[in-house]
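Structure record follows, encoded as structure tokens.
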Amino acid sequence: MIYLLHGDNFIKLRNKVRDILASVTKKNPDASYFKLSSDNWSKEKLEEFIGGQGLFQSKYTVVLDGLISHKESAPHVTEALEEISVSPNIFIITEENLTKESLKKISKYAEKTQEFLTGKKIKKIGEDFNVFSLTDAFGARDKKRLWILYQSALKNSMEPKEIHRLLFWQVKAMIAARNSKGAKESGLNPFVYRKALGFSKNFTKEELNTLSSRLVSLYHDSRRGILDFDIALERFLLEI
């Protein structure tokens, strides 16, 4: 079984993933959950999840995160879509950007497809806190406001890694908007494109590329135990 969740609204998409996992766990508390992304991808793991079942669990739930847009894994996942769709296990495919061709291919085998786009209505975490106010402050290069909003996000139970993902998404959007001639070419929806293009003018091209590299390094260095993720992210925000 395949659930396809795609779109640039990271918060809504992740919330939907949590809802599905919670529903599966409620029905089968002993079910196992796994995640395959570009960080731990292997063809062998995918094949194991397609055909495998735990000794006592009736099903696995497997999130395939960004594998269709990952050069190494994309052909293998696409080729295996039919097998995945008839697997006894549940697969949740999550993608930020999909080409029309990829969307058509996956939708053919998906039990359910949902798109989550960023728009003018912003998902709220708390009563007075909008999560995308963080990316707005970041894009505006308002260091003081950004730090205050970061602390507010933590108080509203938002994980630092979710904040990191949002910031990385904003940097990629600014780079895409700056390097393209319009929303269609950038791959962003018009509303996101206009905002990202305006924010990109607060940074040089070199600064945007450096921010992207720093966010990638921060993530990987924390996984290697070189630095503390929470402290490094806060330091990053104070240095924009």
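Residues in the structure tokens are named by chain (A, B, ... in the order shown) and by number from 1 within that chain; ligands are numbered from 1 in the order shown.
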
Find the spatial neighbours of A:Ser73, counting only C-alpha atoms, within a cut-off of 8 Å - ignore same-chain residues fewer than 5 positions away - and output them as a PDB file with N, CA and C atoms, in the first residue's frame.
```pdb
ATOM      1  N   SER A  38      17.881   9.789   1.777  1.00  0.00           N
ATOM      2  CA  SER A  38      19.167   9.788   1.069  1.00  0.00           C
ATOM      3  C   SER A  38      20.325   9.475   2.009  1.00  0.00           C
ATOM      4  N   TRP A  41      19.906   5.356   2.451  1.00  0.00           N
ATOM      5  CA  TRP A  41      19.339   4.626   1.336  1.00  0.00           C
ATOM      6  C   TRP A  41      20.189   3.432   0.920  1.00  0.00           C
ATOM      7  N   SER A  42      19.533   2.330   0.586  1.00  0.00           N
ATOM      8  CA  SER A  42      20.165   1.208  -0.105  1.00  0.00           C
ATOM      9  C   SER A  42      19.068   0.410  -0.789  1.00  0.00           C
ATOM     10  N   LYS A  43      19.372  -0.115  -1.946  1.00  0.00           N
ATOM     11  CA  LYS A  43      18.414  -0.911  -2.706  1.00  0.00           C
ATOM     12  C   LYS A  43      18.013  -2.157  -1.917  1.00  0.00           C
ATOM     13  N   LEU A  67      13.145  10.168  -1.795  1.00  0.00           N
ATOM     14  CA  LEU A  67      13.918   9.221  -2.608  1.00  0.00           C
ATOM     15  C   LEU A  67      13.633   9.348  -4.106  1.00  0.00           C
ATOM     16  N   ILE A  68      12.475   9.899  -4.458  1.00  0.00           N
ATOM     17  CA  ILE A  68      12.165  10.082  -5.884  1.00  0.00           C
ATOM     18  C   ILE A  68      12.986  11.229  -6.462  1.00  0.00           C
TER      19      ILE A  68
END
```

Determine, using only C-alpha atoms, which residues of stretch 125-223 of chain A have any atom at most 10 Å from an atom of stretch 83-97 of chain A, and tabulate each with its shortest atom pair and distance in Å to one decimal place, rows ordered by chain and then rising number, as CSV.
```
residue,atom,partner,partner_atom,distance
A:Trp169,CA,A:Glu96,CA,9.3
A:Gly187,CA,A:Asn97,CA,7.6
A:Leu188,CA,A:Asn97,CA,8.6
```

TODO: Would you list the contacts of A:Glu82 as a list in words, taking every protein, DNA or RNA residue within 12 Å and counting only C-alpha atoms, but skipping same-chain residues closer than 5 positions in sequence?
DONE: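 Residues near the query, excluding close chain neighbours: Met1, Ile2, Ile50, His76, Val77, Ser87, Phe91, Lys105, Ile106, Ser107, Lys108, Tyr109, Ala110 and Glu111 of chain A.
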
Let me see the file: selected residues, C-alpha atoms, as a compact mmCIF listing (two decimals), in the first residue's frame.
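Listing of again-v1.txt after writing:
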```txt
# COMPACT_ATOMS: atom_id res chain seq x y z
CA MET A 1 0.00 0.00 0.00
CA ILE A 2 1.30 3.46 -0.93
CA ILE A 50 8.83 -4.60 0.31
CA HIS A 76 15.09 1.89 -8.12
CA VAL A 77 12.05 3.23 -6.26
CA SER A 87 3.37 -5.26 -0.46
CA PHE A 91 4.74 2.83 2.42
CA LYS A 105 3.74 7.39 -12.22
CA ILE A 106 3.39 7.25 -8.44
CA SER A 107 -0.30 8.22 -8.39
CA LYS A 108 -1.02 5.23 -10.63
CA TYR A 109 -0.03 2.91 -7.76
CA ALA A 110 -0.89 5.04 -4.73
CA GLU A 111 -3.85 4.21 -2.52
```

Task: Who sits within 8 Å of A:Pro160, only C-alpha atoms, same chain under 2 positions skipped, as a list in words - done: Leu154, Met158, Glu162, Ile163, His164, Phe229, Asp230 and Leu233 of chain A

Could you please take those selected residues and save C-alpha atoms as an mmCIF file, in the first residue's frame?
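Saved to part.cif:
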```cif
data_model
loop_
_atom_site.group_PDB
_atom_site.id
_atom_site.type_symbol
_atom_site.label_atom_id
_atom_site.label_comp_id
_atom_site.auth_asym_id
_atom_site.auth_seq_id
_atom_site.Cartn_x
_atom_site.Cartn_y
_atom_site.Cartn_z
ATOM 1 C CA LEU A 154 10.613 25.766 21.046
ATOM 2 C CA MET A 158 8.503 22.561 17.746
ATOM 3 C CA GLU A 162 11.877 20.795 12.116
ATOM 4 C CA ILE A 163 13.047 24.407 12.340
ATOM 5 C CA HIS A 164 16.278 23.457 10.553
ATOM 6 C CA PHE A 229 22.557 20.248 17.033
ATOM 7 C CA ASP A 230 20.466 22.600 19.208
ATOM 8 C CA LEU A 233 21.391 25.872 15.165
#
```

Task: stretch 96-206 of chain A: residues DSSP assigns to alpha helix (DSSP H), reported as a ChimeraX atom specification - done: /A:100-109,132-140,143-155,160-178,183-186,190-200,205-206

With C-alpha atoms retained, write the just-selected residues as a PDB file, in the first residue's frame.
```
ATOM      1  CA  LYS A 100       4.415  15.885 -13.559  1.00  0.00           C
ATOM      2  CA  GLU A 101       5.839  12.649 -14.929  1.00  0.00           C
ATOM      3  CA  SER A 102       6.866  11.355 -11.484  1.00  0.00           C
ATOM      4  CA  LEU A 103       3.536  12.406  -9.959  1.00  0.00           C
ATOM      5  CA  LYS A 104       1.640  10.552 -12.673  1.00  0.00           C
ATOM      6  CA  LYS A 105       3.737   7.386 -12.215  1.00  0.00           C
ATOM      7  CA  ILE A 106       3.388   7.255  -8.438  1.00  0.00           C
ATOM      8  CA  SER A 107      -0.297   8.217  -8.394  1.00  0.00           C
ATOM      9  CA  LYS A 108      -1.018   5.226 -10.628  1.00  0.00           C
ATOM     10  CA  TYR A 109      -0.029   2.906  -7.762  1.00  0.00           C
ATOM     11  CA  PHE A 132       6.226  30.521   8.810  1.00  0.00           C
ATOM     12  CA  SER A 133       6.887  33.750  10.672  1.00  0.00           C
ATOM     13  CA  LEU A 134      10.260  32.087  11.316  1.00  0.00           C
ATOM     14  CA  THR A 135      11.081  31.836   7.634  1.00  0.00           C
ATOM     15  CA  ASP A 136       9.811  35.387   7.075  1.00  0.00           C
ATOM     16  CA  ALA A 137      12.142  36.741   9.758  1.00  0.00           C
ATOM     17  CA  PHE A 138      14.970  34.666   8.331  1.00  0.00           C
ATOM     18  CA  GLY A 139      14.317  35.931   4.805  1.00  0.00           C
ATOM     19  CA  ALA A 140      14.062  39.516   6.076  1.00  0.00           C
ATOM     20  CA  LYS A 143      18.257  38.546  13.526  1.00  0.00           C
ATOM     21  CA  LYS A 144      16.598  39.775  16.719  1.00  0.00           C
ATOM     22  CA  ARG A 145      13.061  38.838  15.632  1.00  0.00           C
ATOM     23  CA  LEU A 146      14.287  35.499  14.320  1.00  0.00           C
ATOM     24  CA  TRP A 147      15.883  34.563  17.649  1.00  0.00           C
ATOM     25  CA  ILE A 148      12.712  35.555  19.570  1.00  0.00           C
ATOM     26  CA  LEU A 149      10.548  33.499  17.211  1.00  0.00           C
ATOM     27  CA  TYR A 150      12.952  30.563  17.520  1.00  0.00           C
ATOM     28  CA  GLN A 151      12.523  30.584  21.304  1.00  0.00           C
ATOM     29  CA  SER A 152       8.752  30.871  20.871  1.00  0.00           C
ATOM     30  CA  ALA A 153       8.760  27.900  18.490  1.00  0.00           C
ATOM     31  CA  LEU A 154      10.613  25.766  21.046  1.00  0.00           C
ATOM     32  CA  LYS A 155       8.081  26.735  23.711  1.00  0.00           C
ATOM     33  CA  PRO A 160      14.931  22.118  16.374  1.00  0.00           C
ATOM     34  CA  LYS A 161      15.267  19.668  13.460  1.00  0.00           C
ATOM     35  CA  GLU A 162      11.877  20.795  12.116  1.00  0.00           C
ATOM     36  CA  ILE A 163      13.047  24.407  12.340  1.00  0.00           C
ATOM     37  CA  HIS A 164      16.278  23.457  10.553  1.00  0.00           C
ATOM     38  CA  ARG A 165      14.266  21.838   7.760  1.00  0.00           C
ATOM     39  CA  LEU A 166      12.111  24.954   7.391  1.00  0.00           C
ATOM     40  CA  LEU A 167      15.156  27.233   7.205  1.00  0.00           C
ATOM     41  CA  PHE A 168      16.835  24.979   4.653  1.00  0.00           C
ATOM     42  CA  TRP A 169      13.629  24.991   2.600  1.00  0.00           C
ATOM     43  CA  GLN A 170      13.604  28.810   2.700  1.00  0.00           C
ATOM     44  CA  VAL A 171      17.226  29.043   1.577  1.00  0.00           C
ATOM     45  CA  LYS A 172      16.561  26.658  -1.320  1.00  0.00           C
ATOM     46  CA  ALA A 173      13.469  28.680  -2.279  1.00  0.00           C
ATOM     47  CA  MET A 174      15.459  31.941  -2.272  1.00  0.00           C
ATOM     48  CA  ILE A 175      18.202  30.395  -4.410  1.00  0.00           C
ATOM     49  CA  ALA A 176      15.670  28.936  -6.845  1.00  0.00           C
ATOM     50  CA  ALA A 177      13.763  32.237  -7.120  1.00  0.00           C
ATOM     51  CA  ARG A 178      16.921  34.280  -7.627  1.00  0.00           C
ATOM     52  CA  ALA A 183       7.649  30.944 -10.768  1.00  0.00           C
ATOM     53  CA  LYS A 184       7.265  28.194 -13.363  1.00  0.00           C
ATOM     54  CA  GLU A 185      10.992  27.956 -14.025  1.00  0.00           C
ATOM     55  CA  SER A 186      11.797  27.999 -10.305  1.00  0.00           C
ATOM     56  CA  PRO A 190       3.613  31.873  -7.456  1.00  0.00           C
ATOM     57  CA  PHE A 191       2.992  32.992  -3.863  1.00  0.00           C
ATOM     58  CA  VAL A 192       6.128  31.291  -2.542  1.00  0.00           C
ATOM     59  CA  TYR A 193       8.148  32.524  -5.537  1.00  0.00           C
ATOM     60  CA  ARG A 194       7.238  36.179  -4.974  1.00  0.00           C
ATOM     61  CA  LYS A 195       8.126  36.031  -1.275  1.00  0.00           C
ATOM     62  CA  ALA A 196      11.344  34.109  -1.853  1.00  0.00           C
ATOM     63  CA  LEU A 197      12.447  36.496  -4.603  1.00  0.00           C
ATOM     64  CA  GLY A 198      11.893  39.504  -2.335  1.00  0.00           C
ATOM     65  CA  PHE A 199      13.773  37.882   0.548  1.00  0.00           C
ATOM     66  CA  SER A 200      16.659  36.823  -1.714  1.00  0.00           C
ATOM     67  CA  LYS A 205      24.350  34.879  -4.141  1.00  0.00           C
ATOM     68  CA  GLU A 206      27.496  33.862  -2.284  1.00  0.00           C
TER      69      GLU A 206
END
```

TODO: Give the strand (DSSP E or B) residues of stretch 57-234 of chain A, as DSSP finds them on the backbone, and put them as a ChimeraX atom specification.
DONE: /A:60-65,90-95,112-115,124-126,129-130

With N, CA and C atoms kept, could you save the residues just selected as a PDB file, in the first residue's frame?
```
ATOM      1  N   TYR A  60       4.932  -3.569   8.515  1.00  0.00           N
ATOM      2  CA  TYR A  60       5.875  -2.480   8.716  1.00  0.00           C
ATOM      3  C   TYR A  60       5.210  -1.215   8.167  1.00  0.00           C
ATOM      4  N   THR A  61       5.599  -0.069   8.691  1.00  0.00           N
ATOM      5  CA  THR A  61       5.265   1.203   8.060  1.00  0.00           C
ATOM      6  C   THR A  61       6.589   1.847   7.679  1.00  0.00           C
ATOM      7  N   VAL A  62       6.760   2.129   6.401  1.00  0.00           N
ATOM      8  CA  VAL A  62       8.038   2.625   5.898  1.00  0.00           C
ATOM      9  C   VAL A  62       7.842   3.977   5.224  1.00  0.00           C
ATOM     10  N   VAL A  63       8.563   4.991   5.692  1.00  0.00           N
ATOM     11  CA  VAL A  63       8.532   6.316   5.062  1.00  0.00           C
ATOM     12  C   VAL A  63       9.697   6.400   4.078  1.00  0.00           C
ATOM     13  N   LEU A  64       9.389   6.649   2.815  1.00  0.00           N
ATOM     14  CA  LEU A  64      10.414   6.857   1.793  1.00  0.00           C
ATOM     15  C   LEU A  64      10.510   8.362   1.577  1.00  0.00           C
ATOM     16  N   ASP A  65      11.471   8.984   2.236  1.00  0.00           N
ATOM     17  CA  ASP A  65      11.553  10.441   2.310  1.00  0.00           C
ATOM     18  C   ASP A  65      12.505  11.020   1.267  1.00  0.00           C
ATOM     19  N   ILE A  90       3.011  -0.947   4.672  1.00  0.00           N
ATOM     20  CA  ILE A  90       2.525   0.385   4.311  1.00  0.00           C
ATOM     21  C   ILE A  90       3.712   1.280   3.986  1.00  0.00           C
ATOM     22  N   PHE A  91       3.673   1.923   2.838  1.00  0.00           N
ATOM     23  CA  PHE A  91       4.738   2.829   2.418  1.00  0.00           C
ATOM     24  C   PHE A  91       4.185   4.245   2.278  1.00  0.00           C
ATOM     25  N   ILE A  92       4.866   5.192   2.902  1.00  0.00           N
ATOM     26  CA  ILE A  92       4.485   6.604   2.795  1.00  0.00           C
ATOM     27  C   ILE A  92       5.592   7.314   2.015  1.00  0.00           C
ATOM     28  N   ILE A  93       5.283   7.735   0.803  1.00  0.00           N
ATOM     29  CA  ILE A  93       6.259   8.446  -0.028  1.00  0.00           C
ATOM     30  C   ILE A  93       6.080   9.934   0.191  1.00  0.00           C
ATOM     31  N   THR A  94       7.130  10.617   0.651  1.00  0.00           N
ATOM     32  CA  THR A  94       7.060  12.059   0.882  1.00  0.00           C
ATOM     33  C   THR A  94       8.049  12.765  -0.038  1.00  0.00           C
ATOM     34  N   GLU A  95       7.578  13.788  -0.721  1.00  0.00           N
ATOM     35  CA  GLU A  95       8.406  14.541  -1.658  1.00  0.00           C
ATOM     36  C   GLU A  95       8.041  16.020  -1.612  1.00  0.00           C
ATOM     37  N   LYS A 112      -3.637   6.536  -1.888  1.00  0.00           N
ATOM     38  CA  LYS A 112      -4.111   7.890  -1.633  1.00  0.00           C
ATOM     39  C   LYS A 112      -3.001   8.883  -1.930  1.00  0.00           C
ATOM     40  N   THR A 113      -3.362   9.986  -2.571  1.00  0.00           N
ATOM     41  CA  THR A 113      -2.391  11.039  -2.901  1.00  0.00           C
ATOM     42  C   THR A 113      -2.884  12.363  -2.331  1.00  0.00           C
ATOM     43  N   GLN A 114      -2.000  13.066  -1.623  1.00  0.00           N
ATOM     44  CA  GLN A 114      -2.362  14.378  -1.080  1.00  0.00           C
ATOM     45  C   GLN A 114      -1.239  15.374  -1.340  1.00  0.00           C
ATOM     46  N   GLU A 115      -1.649  16.590  -1.699  1.00  0.00           N
ATOM     47  CA  GLU A 115      -0.682  17.653  -1.965  1.00  0.00           C
ATOM     48  C   GLU A 115      -0.809  18.716  -0.879  1.00  0.00           C
ATOM     49  N   LYS A 124      -0.727  27.083  12.225  1.00  0.00           N
ATOM     50  CA  LYS A 124      -0.350  27.585  13.536  1.00  0.00           C
ATOM     51  C   LYS A 124       0.053  26.452  14.462  1.00  0.00           C
ATOM     52  N   ILE A 125       1.088  26.703  15.276  1.00  0.00           N
ATOM     53  CA  ILE A 125       1.478  25.738  16.303  1.00  0.00           C
ATOM     54  C   ILE A 125       0.747  26.087  17.586  1.00  0.00           C
ATOM     55  N   GLY A 126       0.849  27.314  17.979  1.00  0.00           N
ATOM     56  CA  GLY A 126       0.205  27.754  19.197  1.00  0.00           C
ATOM     57  C   GLY A 126      -0.815  28.830  18.887  1.00  0.00           C
ATOM     58  N   PHE A 129       1.214  31.897  17.502  1.00  0.00           N
ATOM     59  CA  PHE A 129       2.492  31.683  16.834  1.00  0.00           C
ATOM     60  C   PHE A 129       2.305  31.022  15.477  1.00  0.00           C
ATOM     61  N   ASN A 130       2.779  31.671  14.432  1.00  0.00           N
ATOM     62  CA  ASN A 130       2.746  31.119  13.083  1.00  0.00           C
ATOM     63  C   ASN A 130       4.124  30.580  12.732  1.00  0.00           C
TER      64      ASN A 130
END
```
